[in-house]
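File shown here: model.cif, holding mmCIF, C-alpha atoms and all ligand atoms.
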data_upload
loop_
_atom_site.label_atom_id
_atom_site.label_comp_id
_atom_site.auth_asym_id
_atom_site.auth_seq_id
_atom_site.Cartn_x
_atom_site.Cartn_y
_atom_site.Cartn_z
CA MET P 1 23.02 -12.24 -3.28
CA THR P 2 21.85 -11.76 0.28
CA LYS P 3 18.22 -11.25 1.13
CA HIS P 4 18.25 -8.63 3.83
CA GLY P 5 14.74 -7.73 4.85
CA VAL P 6 11.11 -7.94 3.90
CA VAL P 7 8.59 -5.16 4.24
CA LEU P 8 5.04 -6.39 4.78
CA GLU P 9 2.44 -3.91 3.59
CA ASP P 10 5.53 -2.75 4.63
CA VAL P 11 8.26 -4.48 6.94
CA ALA P 12 11.01 -4.60 9.88
CA ALA P 13 14.05 -4.12 12.67
CA ALA P 14 14.45 -3.20 16.24
CA ARG P 15 15.85 0.23 17.01
CA HIS P 16 13.93 3.39 17.68
CA PHE P 17 14.16 5.85 14.87
CA SER P 18 12.96 9.40 15.24
CA PHE P 19 12.03 10.92 11.91
CA PRO P 20 9.21 13.49 12.12
CA PRO P 21 7.97 14.47 8.67
CA PRO P 22 6.96 17.97 7.66
CA ARG P 23 3.34 18.59 8.58
CA THR P 24 0.87 20.53 6.50
CA THR P 25 -1.81 20.95 9.18
CA THR P 26 -2.57 20.22 12.78
CA PRO P 27 -5.04 17.44 13.53
CA THR P 28 -7.83 19.36 15.19
CA ALA P 29 -10.51 21.32 13.43
CA GLY P 30 -10.15 25.05 13.73
CA GLY P 31 -9.48 28.36 11.99
CA GLY P 32 -6.77 29.45 9.61
CA ASP P 33 -6.47 29.73 5.85
CA SER P 34 -5.10 26.27 5.35
CA PHE P 35 -8.09 24.76 7.14
CA ARG P 36 -10.49 26.78 5.01
CA LYS P 37 -8.73 25.69 1.82
CA LEU P 38 -8.82 22.08 2.93
CA ALA P 39 -12.48 22.29 3.83
CA ALA P 40 -13.16 23.71 0.39
CA GLN P 41 -11.48 20.70 -1.17
CA VAL P 42 -14.18 18.39 0.11
CA ASP P 43 -16.98 20.79 -0.70
CA LEU P 44 -16.93 21.46 -4.40
CA GLY P 45 -20.40 20.11 -5.04
CA ALA P 46 -21.79 17.90 -7.76
CA ALA P 47 -18.75 18.02 -10.04
CA VAL P 48 -16.64 16.53 -7.30
CA VAL P 49 -19.19 13.81 -6.56
CA GLY P 50 -19.31 12.93 -10.26
CA SER P 51 -15.55 12.62 -10.62
CA TRP P 52 -15.28 10.60 -7.41
CA LEU P 53 -17.98 8.26 -8.70
CA ASP P 54 -16.08 7.78 -11.97
CA SER P 55 -12.98 7.06 -9.96
CA MET P 56 -14.83 4.62 -7.70
CA LYS P 57 -16.04 2.77 -10.79
CA ALA P 58 -12.57 2.72 -12.29
CA SER P 59 -11.21 1.16 -9.10
CA SER P 60 -12.88 -2.05 -10.21
CA PRO P 61 -11.01 -3.71 -13.09
CA ARG P 62 -14.29 -5.06 -14.47
CA HIS P 63 -15.44 -1.52 -15.11
CA ARG P 64 -14.11 0.42 -18.07
CA LEU P 65 -15.26 3.98 -18.50
CA MET P 66 -15.25 3.54 -22.31
CA ALA P 67 -15.69 0.32 -24.24
CA PRO P 68 -12.47 -0.49 -26.15
CA LEU P 69 -12.54 -0.91 -29.92
CA PRO P 70 -12.25 -4.55 -31.08
CA GLY P 71 -8.62 -5.63 -30.77
CA ALA P 72 -7.66 -2.38 -29.03
CA ALA P 73 -7.59 -3.99 -25.59
CA ASP P 74 -5.10 -6.63 -26.78
CA ALA P 75 -2.90 -4.02 -28.42
CA GLU P 76 -3.02 -1.88 -25.26
CA HIS P 77 -2.10 -4.88 -23.13
CA ASP P 78 0.79 -5.91 -25.42
CA ASP P 79 2.15 -2.38 -25.42
CA TRP P 80 1.90 -2.22 -21.63
CA MET P 81 3.66 -5.58 -21.17
CA GLU P 82 6.44 -4.41 -23.44
CA ARG P 83 6.97 -1.38 -21.23
CA HIS P 84 6.48 -3.30 -17.95
CA PRO P 85 7.56 -6.89 -18.59
CA SER P 86 6.78 -9.79 -16.28
CA ALA P 87 9.25 -10.02 -13.38
CA LEU P 88 9.04 -13.80 -13.76
CA ASP P 89 9.93 -13.73 -17.46
CA ARG P 90 12.81 -11.36 -16.70
CA PHE P 91 13.85 -13.07 -13.49
CA ASP P 92 17.32 -14.04 -14.74
CA ALA P 93 18.08 -10.46 -15.73
CA LEU P 94 16.85 -9.23 -12.33
CA ALA P 95 18.95 -11.84 -10.49
CA ALA P 96 21.99 -10.85 -12.55
CA ALA P 97 21.46 -7.17 -11.66
CA ALA P 98 21.16 -8.11 -7.97
CA LYS P 99 24.17 -10.42 -7.93
CA GLY P 100 26.64 -9.62 -5.15
CA LYS P 101 24.29 -7.04 -3.61
CA GLN P 102 22.17 -6.94 -0.48
CA VAL P 103 18.62 -7.57 -1.63
CA ALA P 104 15.96 -5.80 0.46
CA VAL P 105 12.43 -6.95 -0.38
CA PHE P 106 9.47 -4.69 0.38
CA LEU P 107 6.03 -6.22 0.02
CA ASP P 108 2.61 -4.64 0.06
CA TYR P 109 0.01 -6.90 1.73
CA ASP P 110 -3.55 -6.73 0.34
CA GLY P 111 -3.67 -7.69 -3.33
CA THR P 112 0.05 -8.54 -3.27
CA LEU P 113 0.67 -11.26 -0.67
CA SER P 114 -2.97 -11.96 -0.03
CA PRO P 115 -5.62 -12.16 -2.78
CA ILE P 116 -8.34 -9.50 -2.72
CA VAL P 117 -11.36 -10.88 -0.87
CA GLU P 118 -14.73 -9.41 0.01
CA ASP P 119 -14.18 -9.42 3.76
CA PRO P 120 -10.98 -7.54 4.71
CA ASP P 121 -10.80 -9.54 7.96
CA ARG P 122 -10.27 -12.68 5.89
CA ALA P 123 -7.34 -11.29 3.91
CA VAL P 124 -4.56 -13.54 5.19
CA MET P 125 -1.52 -15.07 3.56
CA THR P 126 -1.64 -18.75 2.73
CA ASP P 127 0.71 -20.92 4.82
CA GLU P 128 2.77 -21.47 1.68
CA VAL P 129 3.37 -17.74 1.12
CA PHE P 130 3.91 -17.21 4.84
CA SER P 131 6.73 -19.74 4.88
CA PHE P 132 8.48 -17.85 2.09
CA VAL P 133 8.33 -14.48 3.76
CA ARG P 134 9.09 -15.67 7.30
CA LEU P 135 12.33 -14.03 8.28
CA ALA P 136 13.99 -13.63 11.65
CA GLU P 137 13.71 -9.88 11.25
CA LEU P 138 10.42 -8.67 9.88
CA TYR P 139 9.49 -5.00 9.71
CA TYR P 140 5.86 -3.98 9.44
CA ALA P 141 4.52 -0.68 8.13
CA GLY P 142 0.75 -0.30 8.25
CA SER P 143 -1.55 2.65 7.48
CA HIS P 144 0.24 3.50 4.24
CA GLY P 145 3.61 3.61 6.00
CA MET P 146 2.41 5.73 8.95
CA ASP P 147 2.82 2.93 11.50
CA ILE P 148 6.29 1.38 11.18
CA ARG P 149 7.26 -1.32 13.66
CA GLY P 150 10.20 -3.56 14.31
CA PRO P 151 10.32 -7.35 14.21
CA THR P 152 7.57 -9.27 15.96
CA ALA P 153 8.66 -11.88 18.49
CA ASP P 154 5.96 -14.30 17.40
CA PRO P 155 7.25 -16.55 14.57
CA ASN P 156 3.75 -17.84 13.86
CA HIS P 157 2.25 -14.41 13.28
CA HIS P 158 0.12 -14.84 10.13
CA GLY P 159 -2.05 -11.73 10.17
CA LYS P 160 -1.31 -8.31 8.74
CA ALA P 161 -1.46 -6.35 11.94
CA ALA P 162 1.64 -5.84 14.01
CA ASP P 163 1.14 -7.01 17.58
CA SER P 164 2.28 -5.76 20.96
CA SER P 165 5.57 -7.65 20.71
CA SER P 166 6.76 -5.43 17.90
CA SER P 167 8.38 -2.08 18.65
CA VAL P 168 7.28 1.22 17.17
CA LEU P 169 9.98 2.79 14.99
CA CYS P 170 8.07 5.60 13.36
CA GLN P 171 4.55 7.02 13.69
CA PRO P 172 4.64 10.40 11.96
CA ALA P 173 0.91 11.01 12.49
CA SER P 174 0.70 9.95 16.15
CA GLU P 175 -0.95 13.20 17.25
CA PHE P 176 -3.90 12.40 14.97
CA LEU P 177 -4.79 9.28 16.95
CA PRO P 178 -7.63 10.82 19.04
CA VAL P 179 -9.12 12.42 15.91
CA MET P 180 -8.92 9.15 14.01
CA GLU P 181 -10.75 7.35 16.84
CA GLU P 182 -13.44 10.03 16.84
CA VAL P 183 -13.93 9.88 13.07
CA TYR P 184 -13.93 6.07 13.13
CA ALA P 185 -16.82 6.12 15.64
CA ALA P 186 -18.67 8.71 13.54
CA LEU P 187 -18.24 6.69 10.34
CA VAL P 188 -19.34 3.45 11.98
CA SER P 189 -22.46 5.03 13.44
CA ARG P 190 -23.43 7.00 10.33
CA VAL P 191 -22.30 4.87 7.39
CA GLU P 192 -22.77 1.24 8.35
CA PRO P 193 -26.45 1.44 9.43
CA SER P 194 -27.56 3.43 6.39
CA ILE P 195 -25.54 1.86 3.55
CA PRO P 196 -26.06 -1.92 3.34
CA GLY P 197 -22.76 -3.75 2.73
CA ALA P 198 -20.53 -0.84 3.77
CA LYS P 199 -17.80 -1.72 6.24
CA VAL P 200 -15.61 0.69 8.14
CA GLU P 201 -12.18 -0.60 9.13
CA ASN P 202 -9.92 1.06 11.70
CA ASN P 203 -6.31 0.76 10.59
CA LYS P 204 -5.17 3.26 13.23
CA PHE P 205 -3.87 6.05 10.98
CA CYS P 206 -6.07 5.14 8.03
CA LEU P 207 -9.80 4.52 8.20
CA SER P 208 -11.06 2.38 5.34
CA VAL P 209 -14.64 2.60 4.15
CA HIS P 210 -15.12 -0.51 2.03
CA PHE P 211 -17.72 -0.45 -0.74
CA ARG P 212 -16.87 -3.79 -2.41
CA CYS P 213 -20.17 -5.23 -1.08
CA VAL P 214 -22.27 -2.10 -1.64
CA GLU P 215 -24.76 -1.89 -4.54
CA GLU P 216 -23.45 0.57 -7.12
CA ALA P 217 -26.61 2.66 -6.75
CA ALA P 218 -25.57 3.43 -3.17
CA TRP P 219 -22.01 4.54 -3.97
CA ALA P 220 -22.95 8.23 -4.36
CA PRO P 221 -24.90 8.35 -1.03
CA LEU P 222 -21.99 6.55 0.62
CA PHE P 223 -19.48 9.08 -0.69
CA GLU P 224 -21.76 11.96 0.40
CA LEU P 225 -22.02 10.54 3.91
CA VAL P 226 -18.27 10.14 4.26
CA ARG P 227 -17.77 13.65 2.92
CA ALA P 228 -20.32 15.00 5.40
CA VAL P 229 -18.48 13.38 8.33
CA LEU P 230 -15.14 14.78 7.13
CA ARG P 231 -16.46 18.32 6.83
CA ASP P 232 -15.75 18.77 10.55
CA TYR P 233 -12.19 17.47 10.19
CA PRO P 234 -10.28 19.51 7.63
CA GLY P 235 -6.98 18.05 8.86
CA LEU P 236 -7.95 14.74 7.30
CA ARG P 237 -8.04 13.83 3.63
CA LEU P 238 -10.02 11.37 1.58
CA THR P 239 -8.29 9.11 -0.94
CA GLN P 240 -9.31 5.98 -2.77
CA GLY P 241 -8.02 2.45 -3.23
CA ARG P 242 -9.49 -0.75 -4.64
CA LYS P 243 -13.20 -0.46 -3.78
CA VAL P 244 -12.29 1.46 -0.67
CA LEU P 245 -12.42 5.10 0.44
CA GLU P 246 -9.59 5.93 2.79
CA VAL P 247 -9.47 8.66 5.42
CA ARG P 248 -5.97 9.70 6.38
CA PRO P 249 -4.16 12.49 8.22
CA MET P 250 -3.09 15.24 5.88
CA ILE P 251 0.66 14.99 6.36
CA ARG P 252 3.45 14.73 3.84
CA TRP P 253 4.02 11.05 4.28
CA ASP P 254 3.40 8.14 1.96
CA LYS P 255 4.75 4.69 1.12
CA GLY P 256 7.68 6.29 -0.72
CA LYS P 257 8.73 8.15 2.44
CA ALA P 258 8.23 4.93 4.43
CA LEU P 259 10.47 3.08 1.99
CA GLU P 260 13.19 5.71 2.38
CA PHE P 261 12.80 5.54 6.17
CA LEU P 262 13.18 1.76 6.15
CA LEU P 263 16.17 1.82 3.81
CA THR P 264 17.79 4.24 6.27
CA ALA P 265 16.79 2.06 9.25
CA LEU P 266 18.29 -0.96 7.52
CA GLY P 267 21.54 0.95 7.04
CA PHE P 268 21.20 1.50 3.31
CA ALA P 269 20.73 5.26 3.20
CA ASP P 270 24.35 6.08 2.56
CA ALA P 271 25.25 2.75 1.09
CA ASP P 272 26.91 2.79 -2.26
CA LYS P 273 24.12 2.34 -4.75
CA ASP P 274 25.91 -0.69 -6.08
CA ASP P 275 25.73 -2.51 -2.76
CA VAL P 276 21.99 -2.74 -2.31
CA PHE P 277 19.14 -3.88 -4.53
CA PRO P 278 15.70 -2.95 -3.15
CA ILE P 279 12.71 -4.72 -4.67
CA TYR P 280 9.27 -3.22 -3.98
CA VAL P 281 6.15 -5.20 -4.90
CA GLY P 282 2.67 -3.63 -4.67
CA ASP P 283 -0.72 -3.50 -6.38
CA ASP P 284 -2.31 -0.25 -5.32
CA ARG P 285 -2.05 3.34 -6.48
CA THR P 286 -0.53 4.22 -3.11
CA ASP P 287 2.41 1.95 -4.00
CA GLU P 288 3.29 4.29 -6.85
CA ASP P 289 5.06 6.63 -4.39
CA ALA P 290 7.45 3.80 -3.53
CA PHE P 291 8.00 2.91 -7.20
CA ARG P 292 8.86 6.56 -7.86
CA VAL P 293 11.43 6.57 -5.03
CA LEU P 294 13.23 3.58 -6.56
CA ARG P 295 13.19 5.24 -9.97
CA ALA P 296 14.56 8.47 -8.50
CA ARG P 297 17.35 6.57 -6.71
CA GLY P 298 18.07 4.62 -9.89
CA GLN P 299 18.14 1.56 -7.70
CA GLY P 300 16.53 -1.88 -7.55
CA ALA P 301 13.18 -2.71 -9.14
CA GLY P 302 9.53 -1.76 -8.68
CA ILE P 303 7.02 -4.50 -9.48
CA LEU P 304 3.32 -3.73 -9.96
CA VAL P 305 0.83 -6.55 -9.31
CA SER P 306 -1.90 -6.20 -11.92
CA ARG P 307 -3.53 -8.13 -14.74
CA PHE P 308 -4.69 -4.94 -16.40
CA PRO P 309 -2.77 -2.09 -18.01
CA LYS P 310 -2.36 0.77 -15.55
CA GLU P 311 -0.31 3.93 -15.52
CA THR P 312 2.64 3.02 -13.29
CA SER P 313 6.18 3.97 -12.31
CA ALA P 314 7.01 0.31 -11.68
CA SER P 315 9.43 -1.31 -14.09
CA PHE P 316 8.01 -4.82 -14.00
CA THR P 317 4.69 -6.56 -13.41
CA LEU P 318 3.29 -9.72 -11.86
CA ARG P 319 -0.30 -10.76 -12.50
CA ASP P 320 -1.51 -11.77 -9.03
CA PRO P 321 -0.44 -12.99 -5.55
CA ALA P 322 0.19 -16.49 -6.96
CA GLU P 323 2.83 -15.03 -9.28
CA VAL P 324 4.24 -13.01 -6.37
CA LYS P 325 4.65 -16.32 -4.53
CA ASP P 326 6.46 -17.85 -7.54
CA PHE P 327 8.71 -14.81 -7.76
CA LEU P 328 9.57 -14.99 -4.04
CA ARG P 329 10.21 -18.71 -4.34
CA LYS P 330 12.72 -18.10 -7.14
CA LEU P 331 14.34 -15.32 -5.12
CA VAL P 332 14.76 -17.65 -2.15
CA VAL P 333 16.31 -20.36 -4.35
CA VAL P 334 18.78 -17.95 -5.99
CA ASN P 335 19.64 -16.54 -2.57
CA ALA P 336 20.25 -20.01 -1.12
CA ASP P 337 22.43 -20.95 -4.12
CA ALA P 338 24.46 -17.76 -3.71
CA ASP P 339 24.93 -18.44 0.03
CA THR P 340 26.12 -21.98 -0.73
CA ASN P 341 28.59 -20.75 -3.34
CA ASN P 342 29.94 -18.14 -0.93
CA SER P 343 30.44 -20.57 1.96
O1 LIG C 401 -2.40 0.03 0.20
P1 LIG C 401 -2.75 -1.32 0.79
O2 LIG C 401 -1.79 -1.74 1.82
O3 LIG C 401 -2.93 -2.33 -0.31
O4 LIG C 401 -4.11 -1.10 1.57
C1 LIG C 401 -5.27 -0.68 0.89
C2 LIG C 401 -6.49 -1.30 1.54
O5 LIG C 401 -6.24 -2.72 1.53
C3 LIG C 401 -7.27 -3.52 2.11
O6 LIG C 401 -8.40 -3.44 1.30
C4 LIG C 401 -8.24 -4.14 0.08
O7 LIG C 401 -8.19 -5.56 0.37
C5 LIG C 401 -9.43 -6.06 0.96
C6 LIG C 401 -9.19 -7.52 1.29
O8 LIG C 401 -8.80 -8.26 0.18
C7 LIG C 401 -10.59 -5.85 -0.03
O9 LIG C 401 -11.78 -6.32 0.52
C8 LIG C 401 -10.71 -4.35 -0.35
O10 LIG C 401 -11.72 -4.14 -1.34
C9 LIG C 401 -9.38 -3.82 -0.88
O11 LIG C 401 -9.43 -2.39 -1.03
C10 LIG C 401 -7.54 -3.11 3.53
O12 LIG C 401 -8.62 -3.85 4.07
C11 LIG C 401 -7.82 -1.61 3.62
O13 LIG C 401 -7.91 -1.26 4.98
C12 LIG C 401 -6.67 -0.85 2.98
O14 LIG C 401 -7.01 0.53 3.02
#

What is this file in structure tokens?
Ligand SMILES: O=P(O)(O)OC[C@H]1O[C@H](O[C@H]2O[C@H](CO)[C@@H](O)[C@H](O)[C@H]2O)[C@H](O)[C@@H](O)[C@@H]1O
Amino acid sequence: MTKHGVVLEDVAAARHFSFPPPRTTTPTAGGGDSFRKLAAQVDLGAAVVGSWLDSMKASSPRHRLMAPLPGAADAEHDDWMERHPSALDRFDALAAAAKGKQVAVFLDYDGTLSPIVEDPDRAVMTDEVFSFVRLAELYYAGSHGMDIRGPTADPNHHGKAADSSSSVLCQPASEFLPVMEEVYAALVSRVEPSIPGAKVENNKFCLSVHFRCVEEAAWAPLFELVRAVLRDYPGLRLTQGRKVLEVRPMIRWDKGKALEFLLTALGFADADKDDVFPIYVGDDRTDEDAFRVLRARGQGAGILVSRFPKETSASFTLRDPAEVKDFLRKLVVVNADADTNNS
């Protein structure tokens, strides 16, 4: 088994790849039916605010919208684990399925390689994890796969952001950059001063409004403020992650498309399905698009990182970044053994 590549929050290689995706809108505000429809999406009134608030609460595992009946939570968990077994418990079966194939490993970053922390700037991999994922060729895909870069020249690069030494392979939303900068400035000036604990992060093609440190009573005003800012930008959409609201360009691009792009860039697009074994590990709902791609290709394995039952298209689960580390360690050992046997 040969480990071919790692994708950090998405991952890696060094040739330019032009792959413009279909676009649903243009980035600037303006007329047209599609703009009006999009504007209407963020302006449905109280019902929308209520369902967003429910969703914001559900993004925290400690919150349950309904209290489970005694014993029901255990039964739900057992049933879920039966359908999505631990990738560590089933490691031998996974290694057997991957035997003789090129293994391409795609890793989400936050909540997968690095534990969830209150301050997003402090979300870094431990040295131990870093040493496992350090490869000569590392591909990076940030902003939910909208910023794909080739290998960085700096072998000590520990952070999640690609640096100037890495080459851009694909930026399907590049024309949105000026709009994203404008909206970032608007969010910083309007949200941060009025909502204590709110933090706006500029991830280039995805602006993250963190509410992990915001009192729950202020979640509705926070959502309203973000919605008010976006009213002038119908080409952008609002989505939600783990205690974070995310503003992104409205294009048909997601982590599933990024995974397909990278498989193509790595030379696996036309490869016989039996020659490659992609493994995608992620914790967020945005990773579901990648899990679905693997299911549709009937190839490799999707692994969801979660302690709690969630609706998922992943086949396997791992509980937390520590288990991801153990899984990667086992993968490295099996890979090294296979290399030794083949030499
Ligand atoms: O889809 P991802 O690649 O997992 O990105 C989603 C967001 O991840 C980061 O936020 C999350 O991790 C933070 C650090 O642990 C945590 O504070 C936050 O509550 C989590 O949502 C990242 O900072 C965001 O920009 C991403 O949108």

Legend entry - Selected residue of minimal separation from Ser174 (chain P) among P:Cys206, P:Val200, P:Ala93, P:Leu318, counting only C-alpha atoms: P:Cys206

Inset, instruction - Give the residue list for ligand LIG 401 (chain C) at 8 Å, counting only C-alpha atoms and all ligand atoms, as a PyMOL selection string, sorted by chain and then by residue number. - result: chain P and resi 9-10+108-112+114-123+142-144+201-203+206-212+241-246+282-287

Which region 82-134 of chain P residues have any atom within 10 Å of an atom of region 319-331 of chain P, and for each, what is the nearest pair of atoms with distance in Å to one decimal, counting only C-alpha atoms, rows sorted by chain and number, as CSV?
residue,atom,partner,partner_atom,distance
P:Ser86,CA,P:Arg319,CA,8.1
P:Ala87,CA,P:Phe327,CA,7.4
P:Leu88,CA,P:Phe327,CA,6.1
P:Asp89,CA,P:Phe327,CA,9.8
P:Phe91,CA,P:Phe327,CA,7.9
P:Asp92,CA,P:Lys330,CA,9.8
P:Leu94,CA,P:Leu331,CA,9.8
P:Ala95,CA,P:Leu331,CA,7.9
P:Val103,CA,P:Leu331,CA,9.5
P:Val105,CA,P:Leu328,CA,9.3
P:Leu107,CA,P:Val324,CA,9.5
P:Tyr109,CA,P:Pro321,CA,9.5
P:Asp110,CA,P:Pro321,CA,9.1
P:Gly111,CA,P:Pro321,CA,6.6
P:Thr112,CA,P:Pro321,CA,5.0
P:Leu113,CA,P:Pro321,CA,5.3
P:Ser114,CA,P:Pro321,CA,6.2
P:Pro115,CA,P:Pro321,CA,5.9
P:Ile116,CA,P:Pro321,CA,9.1
P:Met125,CA,P:Pro321,CA,9.4
P:Thr126,CA,P:Lys325,CA,9.9
P:Glu128,CA,P:Lys325,CA,8.3
P:Val129,CA,P:Lys325,CA,6.0
P:Phe130,CA,P:Lys325,CA,9.4
P:Ser131,CA,P:Arg329,CA,9.9
P:Phe132,CA,P:Arg329,CA,6.7
P:Val133,CA,P:Leu328,CA,7.9

Legend entry - Residue neighbourhood Gly145 (chain P), 9 Å, only C-alpha atoms, exclusion window fewer than 6 positions, as a PyMOL selection string: chain P and resi 9-10+170-171+253-259

Write the residues of the preceding selection, restricted to C-alpha atoms, as a compact mmCIF listing (two decimals), in the frame of the given file.
# COMPACT_ATOMS: atom_id res chain seq x y z
CA GLU P 9 2.44 -3.91 3.59
CA ASP P 10 5.53 -2.75 4.63
CA CYS P 170 8.07 5.60 13.36
CA GLN P 171 4.55 7.02 13.69
CA TRP P 253 4.02 11.05 4.28
CA ASP P 254 3.40 8.14 1.96
CA LYS P 255 4.75 4.69 1.12
CA GLY P 256 7.68 6.29 -0.72
CA LYS P 257 8.73 8.15 2.44
CA ALA P 258 8.23 4.93 4.43
CA LEU P 259 10.47 3.08 1.99

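Proximity ranking of P:Ala75, P:Val48, P:Leu304, P:Ala186 relative to Arg292 (chain P) places P:Leu304 first, based on only C-alpha atoms.
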
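Take the candidates P:Met81, P:Val332, P:Phe205, P:Val226 and check each one against Arg248 (chain P) using all atoms listed in the file; the shortest distance goes to P:Phe205.
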
Would you kindly place N, CA and C atoms on region 300-311 of chain P and return the model as a JSON list (two decimals), keeping the file's coordinate frame?
[["chain", "number", "residue", "atom", "x", "y", "z"],
["P", 300, "GLY", "N", 17.46, -0.78, -7.76],
["P", 300, "GLY", "CA", 16.53, -1.88, -7.55],
["P", 300, "GLY", "C", 15.44, -1.96, -8.60],
["P", 301, "ALA", "N", 14.26, -2.50, -8.18],
["P", 301, "ALA", "CA", 13.18, -2.71, -9.14],
["P", 301, "ALA", "C", 11.83, -2.56, -8.46],
["P", 302, "GLY", "N", 10.92, -1.85, -9.13],
["P", 302, "GLY", "CA", 9.53, -1.76, -8.68],
["P", 302, "GLY", "C", 8.71, -2.74, -9.48],
["P", 303, "ILE", "N", 7.84, -3.49, -8.80],
["P", 303, "ILE", "CA", 7.02, -4.50, -9.48],
["P", 303, "ILE", "C", 5.55, -4.25, -9.14],
["P", 304, "LEU", "N", 4.75, -3.95, -10.16],
["P", 304, "LEU", "CA", 3.32, -3.73, -9.96],
["P", 304, "LEU", "C", 2.57, -5.05, -10.13],
["P", 305, "VAL", "N", 1.67, -5.36, -9.19],
["P", 305, "VAL", "CA", 0.83, -6.55, -9.31],
["P", 305, "VAL", "C", -0.49, -6.14, -9.97],
["P", 306, "SER", "N", -0.67, -6.53, -11.20],
["P", 306, "SER", "CA", -1.90, -6.20, -11.92],
["P", 306, "SER", "C", -2.03, -7.04, -13.18],
["P", 307, "ARG", "N", -3.26, -7.43, -13.49],
["P", 307, "ARG", "CA", -3.53, -8.13, -14.74],
["P", 307, "ARG", "C", -3.86, -7.14, -15.84],
["P", 308, "PHE", "N", -4.18, -5.92, -15.44],
["P", 308, "PHE", "CA", -4.69, -4.94, -16.40],
["P", 308, "PHE", "C", -3.71, -3.80, -16.58],
["P", 309, "PRO", "N", -3.64, -3.24, -17.79],
["P", 309, "PRO", "CA", -2.77, -2.09, -18.01],
["P", 309, "PRO", "C", -3.14, -0.94, -17.08],
["P", 310, "LYS", "N", -2.14, -0.38, -16.43],
["P", 310, "LYS", "CA", -2.36, 0.77, -15.55],
["P", 310, "LYS", "C", -1.19, 1.71, -15.73],
["P", 311, "GLU", "N", -1.41, 2.98, -15.52],
["P", 311, "GLU", "CA", -0.31, 3.93, -15.52],
["P", 311, "GLU", "C", 0.53, 3.62, -14.29]]
